[in-house]
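Colleague: One file: model27.cif (mmCIF, C-alpha atoms).
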data_structure
loop_
_atom_site.label_atom_id
_atom_site.label_comp_id
_atom_site.auth_asym_id
_atom_site.auth_seq_id
_atom_site.Cartn_x
_atom_site.Cartn_y
_atom_site.Cartn_z
CA MET A 76 93.80 209.29 206.59
CA LYS A 77 91.78 211.56 208.86
CA ARG A 78 89.89 212.95 205.87
CA LEU A 79 89.12 209.42 204.63
CA ALA A 80 87.78 208.40 208.03
CA LYS A 81 85.57 211.48 208.10
CA THR A 82 84.22 210.70 204.63
CA VAL A 83 83.49 207.09 205.58
CA ALA A 84 81.74 208.18 208.78
CA LEU A 85 79.56 210.68 206.94
CA THR A 86 78.68 208.08 204.31
CA LEU A 87 77.67 205.55 206.96
CA LEU A 88 75.61 208.21 208.73
CA LYS A 89 73.80 209.01 205.48
CA ILE A 90 73.07 205.32 204.92
CA VAL A 91 71.66 204.97 208.43
CA VAL A 92 69.46 208.08 208.02
CA VAL A 93 68.15 206.93 204.63
CA PHE A 94 67.45 203.43 205.93
CA TYR A 95 65.70 204.80 209.02
CA THR A 96 63.54 207.07 206.85
CA ILE A 97 62.73 204.73 203.97
CA PHE A 98 62.30 201.40 205.79
CA PRO A 99 58.80 202.11 207.27
CA PHE A 100 57.48 202.93 203.78
CA TYR A 101 59.15 199.85 202.33
CA TRP A 102 57.66 197.67 205.05
CA ALA A 103 54.19 199.17 204.47
CA ILE A 104 54.41 198.34 200.76
CA VAL A 105 55.61 194.80 201.48
CA SER A 106 52.86 194.22 204.05
CA SER A 107 50.19 195.54 201.65
CA PHE A 108 50.83 192.52 199.41
CA LYS A 109 50.20 190.03 202.25
CA SER A 110 47.19 188.75 204.13
CA GLY A 111 46.44 186.22 206.82
CA ALA A 112 49.36 184.24 208.24
CA ALA A 113 51.68 185.55 205.53
CA LEU A 114 51.92 188.83 207.46
CA PHE A 115 54.03 187.08 210.10
CA SER A 116 56.57 185.74 207.62
CA VAL A 117 59.70 187.71 206.76
CA ASP A 118 59.87 188.21 203.01
CA PHE A 119 61.93 191.11 201.78
CA PHE A 120 60.65 190.64 198.21
CA PRO A 121 57.22 188.97 198.45
CA ALA A 122 55.04 187.98 195.54
CA ILE A 123 52.85 190.83 194.37
CA ASP A 124 49.28 190.12 195.44
CA LEU A 125 46.84 192.95 194.75
CA THR A 126 43.94 191.43 196.68
CA ASN A 127 44.05 194.08 199.41
CA TYR A 128 44.12 196.89 196.85
CA ARG A 129 41.24 195.37 194.90
CA ASP A 130 39.14 195.05 198.04
CA LEU A 131 39.76 198.71 198.89
CA LEU A 132 39.03 200.06 195.43
CA THR A 133 35.79 198.09 195.25
CA ASN A 134 34.76 199.51 198.63
CA GLY A 135 32.57 202.53 197.99
CA ASN A 136 33.21 204.05 201.41
CA PHE A 137 36.99 204.22 200.97
CA LEU A 138 36.74 205.86 197.55
CA ARG A 139 34.22 208.31 198.99
CA ASN A 140 36.63 209.09 201.83
CA ILE A 141 39.38 209.87 199.32
CA LEU A 142 37.05 212.19 197.42
CA ASN A 143 36.02 213.95 200.64
CA SER A 144 39.66 214.49 201.61
CA ALA A 145 40.44 215.89 198.17
CA ILE A 146 37.46 218.28 198.27
CA VAL A 147 38.33 219.52 201.76
CA ALA A 148 42.07 219.89 201.07
CA VAL A 149 41.57 221.75 197.77
CA SER A 150 38.97 224.04 199.36
CA VAL A 151 41.23 224.84 202.31
CA VAL A 152 44.20 225.57 200.03
CA THR A 153 42.16 227.77 197.68
CA LEU A 154 40.53 229.84 200.43
CA SER A 155 43.74 230.09 202.46
CA LEU A 156 45.74 231.41 199.50
CA ILE A 157 43.05 233.92 198.51
CA PHE A 158 42.81 235.33 202.04
CA ALA A 159 46.56 235.08 202.62
CA ILE A 160 47.68 237.02 199.55
CA THR A 161 45.41 239.97 200.37
CA SER A 162 46.36 239.91 204.06
CA ALA A 163 50.07 239.58 203.22
CA TYR A 164 49.86 242.61 200.94
CA ALA A 165 48.36 244.70 203.73
CA LEU A 166 50.86 243.47 206.32
CA GLY A 167 53.87 243.59 204.03
CA LYS A 168 53.35 246.79 202.05
CA MET A 169 50.99 249.01 204.03
CA LYS A 170 52.13 250.91 207.10
CA PHE A 171 49.63 251.16 209.93
CA ARG A 172 49.70 251.21 213.70
CA GLY A 173 49.75 247.81 215.33
CA ARG A 174 51.10 245.90 212.34
CA GLY A 175 53.70 244.12 214.48
CA ILE A 176 51.06 243.13 217.01
CA VAL A 177 48.90 241.67 214.25
CA LEU A 178 51.82 239.62 212.91
CA ALA A 179 52.66 238.40 216.40
CA GLY A 180 49.04 237.44 216.95
CA ILE A 181 48.95 235.52 213.66
CA LEU A 182 52.10 233.63 214.58
CA GLY A 183 50.84 232.95 218.09
CA ALA A 184 47.54 231.55 216.79
CA SER A 185 49.39 228.85 214.89
CA MET A 186 51.13 227.67 218.08
CA PHE A 187 47.99 226.49 219.88
CA PRO A 188 47.41 222.70 219.78
CA GLN A 189 44.19 221.45 218.26
CA ILE A 190 42.85 220.02 221.50
CA VAL A 191 42.80 223.51 223.07
CA VAL A 192 40.22 224.88 220.61
CA LEU A 193 38.30 221.64 220.07
CA SER A 194 35.52 222.27 222.59
CA GLY A 195 34.81 225.88 221.58
CA LEU A 196 35.09 225.07 217.90
CA PHE A 197 32.64 222.18 218.26
CA GLY A 198 30.06 224.53 219.78
CA THR A 199 30.61 227.06 216.99
CA ILE A 200 30.16 224.42 214.30
CA ARG A 201 26.95 223.15 215.90
CA TRP A 202 25.66 226.74 216.13
CA LEU A 203 26.42 227.31 212.43
CA GLY A 204 24.67 224.07 211.47
CA LEU A 205 27.81 222.62 209.88
CA TYR A 206 28.13 219.48 212.00
CA ASN A 207 28.62 216.30 209.95
CA SER A 208 29.43 218.22 206.78
CA LEU A 209 32.58 218.96 204.81
CA GLY A 210 32.10 222.65 205.58
CA SER A 211 32.93 222.01 209.23
CA LEU A 212 36.30 220.55 208.23
CA VAL A 213 37.09 223.41 205.83
CA LEU A 214 36.31 225.96 208.54
CA SER A 215 38.31 224.18 211.25
CA TYR A 216 41.34 223.44 209.07
CA MET A 217 41.64 227.06 207.96
CA ILE A 218 42.08 228.13 211.58
CA PHE A 219 45.52 226.53 211.55
CA SER A 220 46.49 226.75 207.86
CA LEU A 221 45.70 230.45 207.38
CA PRO A 222 48.11 231.89 210.03
CA PHE A 223 51.06 229.95 208.61
CA THR A 224 50.13 230.90 205.05
CA VAL A 225 49.82 234.59 205.90
CA TRP A 226 53.16 234.58 207.76
CA VAL A 227 55.11 232.99 204.90
CA MET A 228 53.42 235.14 202.25
CA THR A 229 54.15 238.31 204.24
CA SER A 230 57.84 237.45 204.47
CA PHE A 231 57.94 236.81 200.75
CA ILE A 232 56.01 239.90 199.66
CA ARG A 233 58.33 242.18 201.62
CA GLN A 234 61.15 241.25 199.24
CA ILE A 235 59.34 242.62 196.20
CA PRO A 236 60.80 246.07 195.36
CA ALA A 237 58.58 249.05 196.13
CA GLU A 238 59.52 250.55 192.75
CA LEU A 239 57.42 247.90 191.05
CA GLU A 240 54.32 249.08 192.90
CA ASP A 241 55.16 252.73 192.22
CA ALA A 242 55.41 252.03 188.48
CA ALA A 243 52.07 250.23 188.53
CA ARG A 244 50.45 253.13 190.38
CA MET A 245 51.74 255.58 187.76
CA ASP A 246 50.13 253.45 185.03
CA GLY A 247 46.79 253.74 186.81
CA CYS A 248 46.72 250.24 188.29
CA SER A 249 44.27 249.81 191.16
CA THR A 250 45.14 247.94 194.35
CA TRP A 251 43.14 244.84 193.44
CA ALA A 252 44.53 244.74 189.92
CA MET A 253 48.06 245.13 191.27
CA ILE A 254 47.59 242.26 193.73
CA TRP A 255 46.22 239.78 191.20
CA GLN A 256 48.05 240.86 188.04
CA ILE A 257 51.48 241.79 189.43
CA TYR A 258 52.04 240.30 192.86
CA PHE A 259 50.18 237.04 192.28
CA PRO A 260 52.53 235.79 189.48
CA LEU A 261 55.60 236.87 191.46
CA LEU A 262 54.45 234.91 194.51
CA ALA A 263 54.47 231.53 192.73
CA PRO A 264 57.17 229.95 194.98
CA ALA A 265 55.41 231.06 198.16
CA LEU A 266 52.02 229.99 196.81
CA ALA A 267 53.36 226.54 195.88
CA SER A 268 55.11 225.92 199.20
CA THR A 269 52.37 227.18 201.51
CA GLY A 270 49.62 225.66 199.39
CA LEU A 271 51.27 222.25 199.36
CA LEU A 272 51.94 222.27 203.09
CA ALA A 273 48.35 223.31 203.76
CA PHE A 274 47.16 220.51 201.47
CA ILE A 275 49.26 217.91 203.29
CA ALA A 276 48.06 219.11 206.70
CA SER A 277 44.41 219.00 205.58
CA TRP A 278 44.84 215.60 203.92
CA ASN A 279 46.36 214.01 207.05
CA GLU A 280 44.27 215.71 209.77
CA PHE A 281 42.50 213.25 212.06
CA LEU A 282 41.22 214.85 215.29
CA PHE A 283 38.80 217.38 213.76
CA ALA A 284 37.70 214.91 211.08
CA LEU A 285 36.84 212.36 213.77
CA THR A 286 35.02 214.90 215.97
CA PHE A 287 33.03 216.88 213.40
CA THR A 288 31.87 214.05 211.11
CA LEU A 289 29.56 211.16 211.89
CA SER A 290 28.48 209.33 208.73
CA ASP A 291 30.62 207.29 206.34
CA THR A 292 29.65 209.51 203.40
CA VAL A 293 31.27 212.56 205.04
CA ARG A 294 34.34 211.05 206.69
CA THR A 295 37.80 211.73 205.27
CA VAL A 296 40.62 209.28 204.57
CA PRO A 297 42.39 209.32 207.98
CA VAL A 298 39.16 208.48 209.81
CA GLY A 299 38.11 205.95 207.18
CA LEU A 300 41.50 204.27 207.44
CA ALA A 301 41.28 204.10 211.23
CA LEU A 302 37.84 202.48 211.06
CA ILE A 303 38.84 199.67 208.70
CA SER A 304 37.87 196.44 210.41
CA GLY A 305 38.25 192.74 209.72
CA SER A 306 35.62 190.07 209.22
CA SER A 307 35.45 189.53 212.99
CA ARG A 308 36.32 191.35 216.21
CA PHE A 309 39.41 189.18 216.59
CA GLU A 310 40.90 189.96 213.18
CA LEU A 311 43.13 192.96 212.48
CA PRO A 312 43.24 193.56 208.70
CA PHE A 313 46.84 194.76 208.79
CA GLY A 314 47.43 194.07 205.09
CA THR A 315 44.37 196.07 204.08
CA ILE A 316 45.39 198.95 206.35
CA MET A 317 48.87 199.02 204.82
CA ALA A 318 47.39 199.00 201.32
CA ALA A 319 45.17 201.94 202.25
CA SER A 320 48.18 203.77 203.70
CA VAL A 321 50.12 203.29 200.48
CA ILE A 322 47.22 204.57 198.36
CA VAL A 323 46.81 207.64 200.57
CA THR A 324 50.55 208.41 200.65
CA VAL A 325 51.29 208.16 196.92
CA PRO A 326 49.54 211.45 195.92
CA LEU A 327 51.45 213.37 198.60
CA ILE A 328 54.79 211.95 197.48
CA LEU A 329 54.07 212.90 193.88
CA LEU A 330 53.09 216.44 194.85
CA VAL A 331 56.23 216.92 196.94
CA LEU A 332 58.45 215.62 194.14
CA ILE A 333 56.80 217.94 191.62
CA PHE A 334 56.94 221.08 193.78
CA GLN A 335 60.06 220.43 195.86
CA ARG A 336 62.02 223.32 194.33
CA ARG A 337 59.12 225.69 194.92
CA ILE A 338 58.84 224.51 198.53
CA VAL A 339 62.48 225.27 199.33
CA SER A 340 62.47 228.69 197.66
CA GLY A 341 59.18 229.63 199.30
CA LEU A 342 60.18 228.59 202.82
CA THR A 343 63.54 230.40 202.61
CA ALA A 344 61.93 233.64 201.41
CA GLY A 345 62.89 236.48 203.70
CA ALA A 346 65.68 234.52 205.39
CA VAL A 347 68.43 236.50 203.63
CA LYS A 348 68.33 240.25 202.96
#
Write out the structure in this file as structure tokens.
Modeller:
Amino acid sequence: MKRLAKTVALTLLKIVVVFYTIFPFYWAIVSSFKSGAALFSVDFFPAIDLTNYRDLLTNGNFLRNILNSAIVAVSVVTLSLIFAITSAYALGKMKFRGRGIVLAGILGASMFPQIVVLSGLFGTIRWLGLYNSLGSLVLSYMIFSLPFTVWVMTSFIRQIPAELEDAARMDGCSTWAMIWQIYFPLLAPALASTGLLAFIASWNEFLFALTFTLSDTVRTVPVGLALISGSSRFELPFGTIMAASVIVTVPLILLVLIFQRRIVSGLTAGAVK
């Protein structure tokens, strides 16, 4: 009887957790099919009306915002992984004085909130002439994505046996060739997990995108979504905003579903020895 009660309690807890997690997404999808006074009616299964989606997809600014977010996120992921794999090799396989301090500094850099570096970073971007360009977002996003990427990659690369490197050295393999031809394929789980998390962070970032961009042609999706307005100052286009949220969220959900196994194996690398 006690075991049955425990099973029932755990099942109810799981149902509550799933409902609490899924309901906001369900409500966003339902609201994206409504407009006007229909938003205030409670319909758990409303009629599918794609007016809000059609208005968004015919809006050139929103499509441009999606393209900007994709360009920035892909650029950040690519550069972060290139720099991270070389840095992780040095921190994970090479012995030099101060290696622990460097790792601690990398981890500490990722703990600072964005608002702390906003003022200094804004001055740097203006000095480099990158204000109101996608380059400013790539530079600012890498400040926070690169430390995490290097930390995870270093933990993963330490697990690779040293005998593999010794065998490659005996075959005349150079350091660069060994990194890209031997270590790079073995780091697929870490590359997938860190790359995907860096992509999600870059895709959803709002503060830097709002501060460092000015024109509609350069803004990314989060800022474009926040600036969606109705036909008048008294109208809140809630249905259109929900439709935009659904469109922006779908690519992230698909990526997580595709790489979920890689994410788990990459994040748990180095946890067990």
Colleague: Residues picked by the PyMOL selection byres ((chain A and resi 121-134) around 8) here, as an mmCIF file with C-alpha atoms, keeping the file's coordinate frame?
Modeller:
data_model
loop_
_atom_site.group_PDB
_atom_site.id
_atom_site.type_symbol
_atom_site.label_atom_id
_atom_site.label_comp_id
_atom_site.auth_asym_id
_atom_site.auth_seq_id
_atom_site.Cartn_x
_atom_site.Cartn_y
_atom_site.Cartn_z
ATOM 1 C CA VAL A 105 55.610 194.800 201.480
ATOM 2 C CA SER A 107 50.190 195.540 201.650
ATOM 3 C CA PHE A 108 50.830 192.520 199.410
ATOM 4 C CA LYS A 109 50.200 190.030 202.250
ATOM 5 C CA SER A 110 47.190 188.750 204.130
ATOM 6 C CA ASP A 118 59.870 188.210 203.010
ATOM 7 C CA PHE A 119 61.930 191.110 201.780
ATOM 8 C CA PHE A 120 60.650 190.640 198.210
ATOM 9 C CA GLY A 135 32.570 202.530 197.990
ATOM 10 C CA ASN A 136 33.210 204.050 201.410
ATOM 11 C CA PHE A 137 36.990 204.220 200.970
ATOM 12 C CA LEU A 138 36.740 205.860 197.550
ATOM 13 C CA GLY A 314 47.430 194.070 205.090
ATOM 14 C CA THR A 315 44.370 196.070 204.080
ATOM 15 C CA ALA A 318 47.390 199.000 201.320
ATOM 16 C CA ALA A 319 45.170 201.940 202.250
#
Colleague: Given the choices A:Pro264, A:Pro326, A:Pro297, A:Gly180, which gets closest to A:Phe283 if the distance is worked out from only C-alpha atoms?
Modeller: A:Pro297
Colleague: Using all atoms listed in the file, which of A:Met228, A:Ala165, A:Ala103, A:Met217 sits nearest A:Ala267?
Modeller: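 Ranked by minimum distance to A:Ala267, first place goes to A:Met228.
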Colleague: What is the distance, in Å and to one decimal place, between atom CA of A:Leu221 and atom CA of A:Val323?
Modeller: 23.8 Å
Colleague: Go through A:Met76, A:Leu87, A:Ile141, A:Leu266 one by one, measure the shortest atom-to-atom distance of each to A:Phe158 using only C-alpha atoms, and give the residue with the smallest value.
Modeller: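 Of all the options, A:Leu266 lies closest to A:Phe158.
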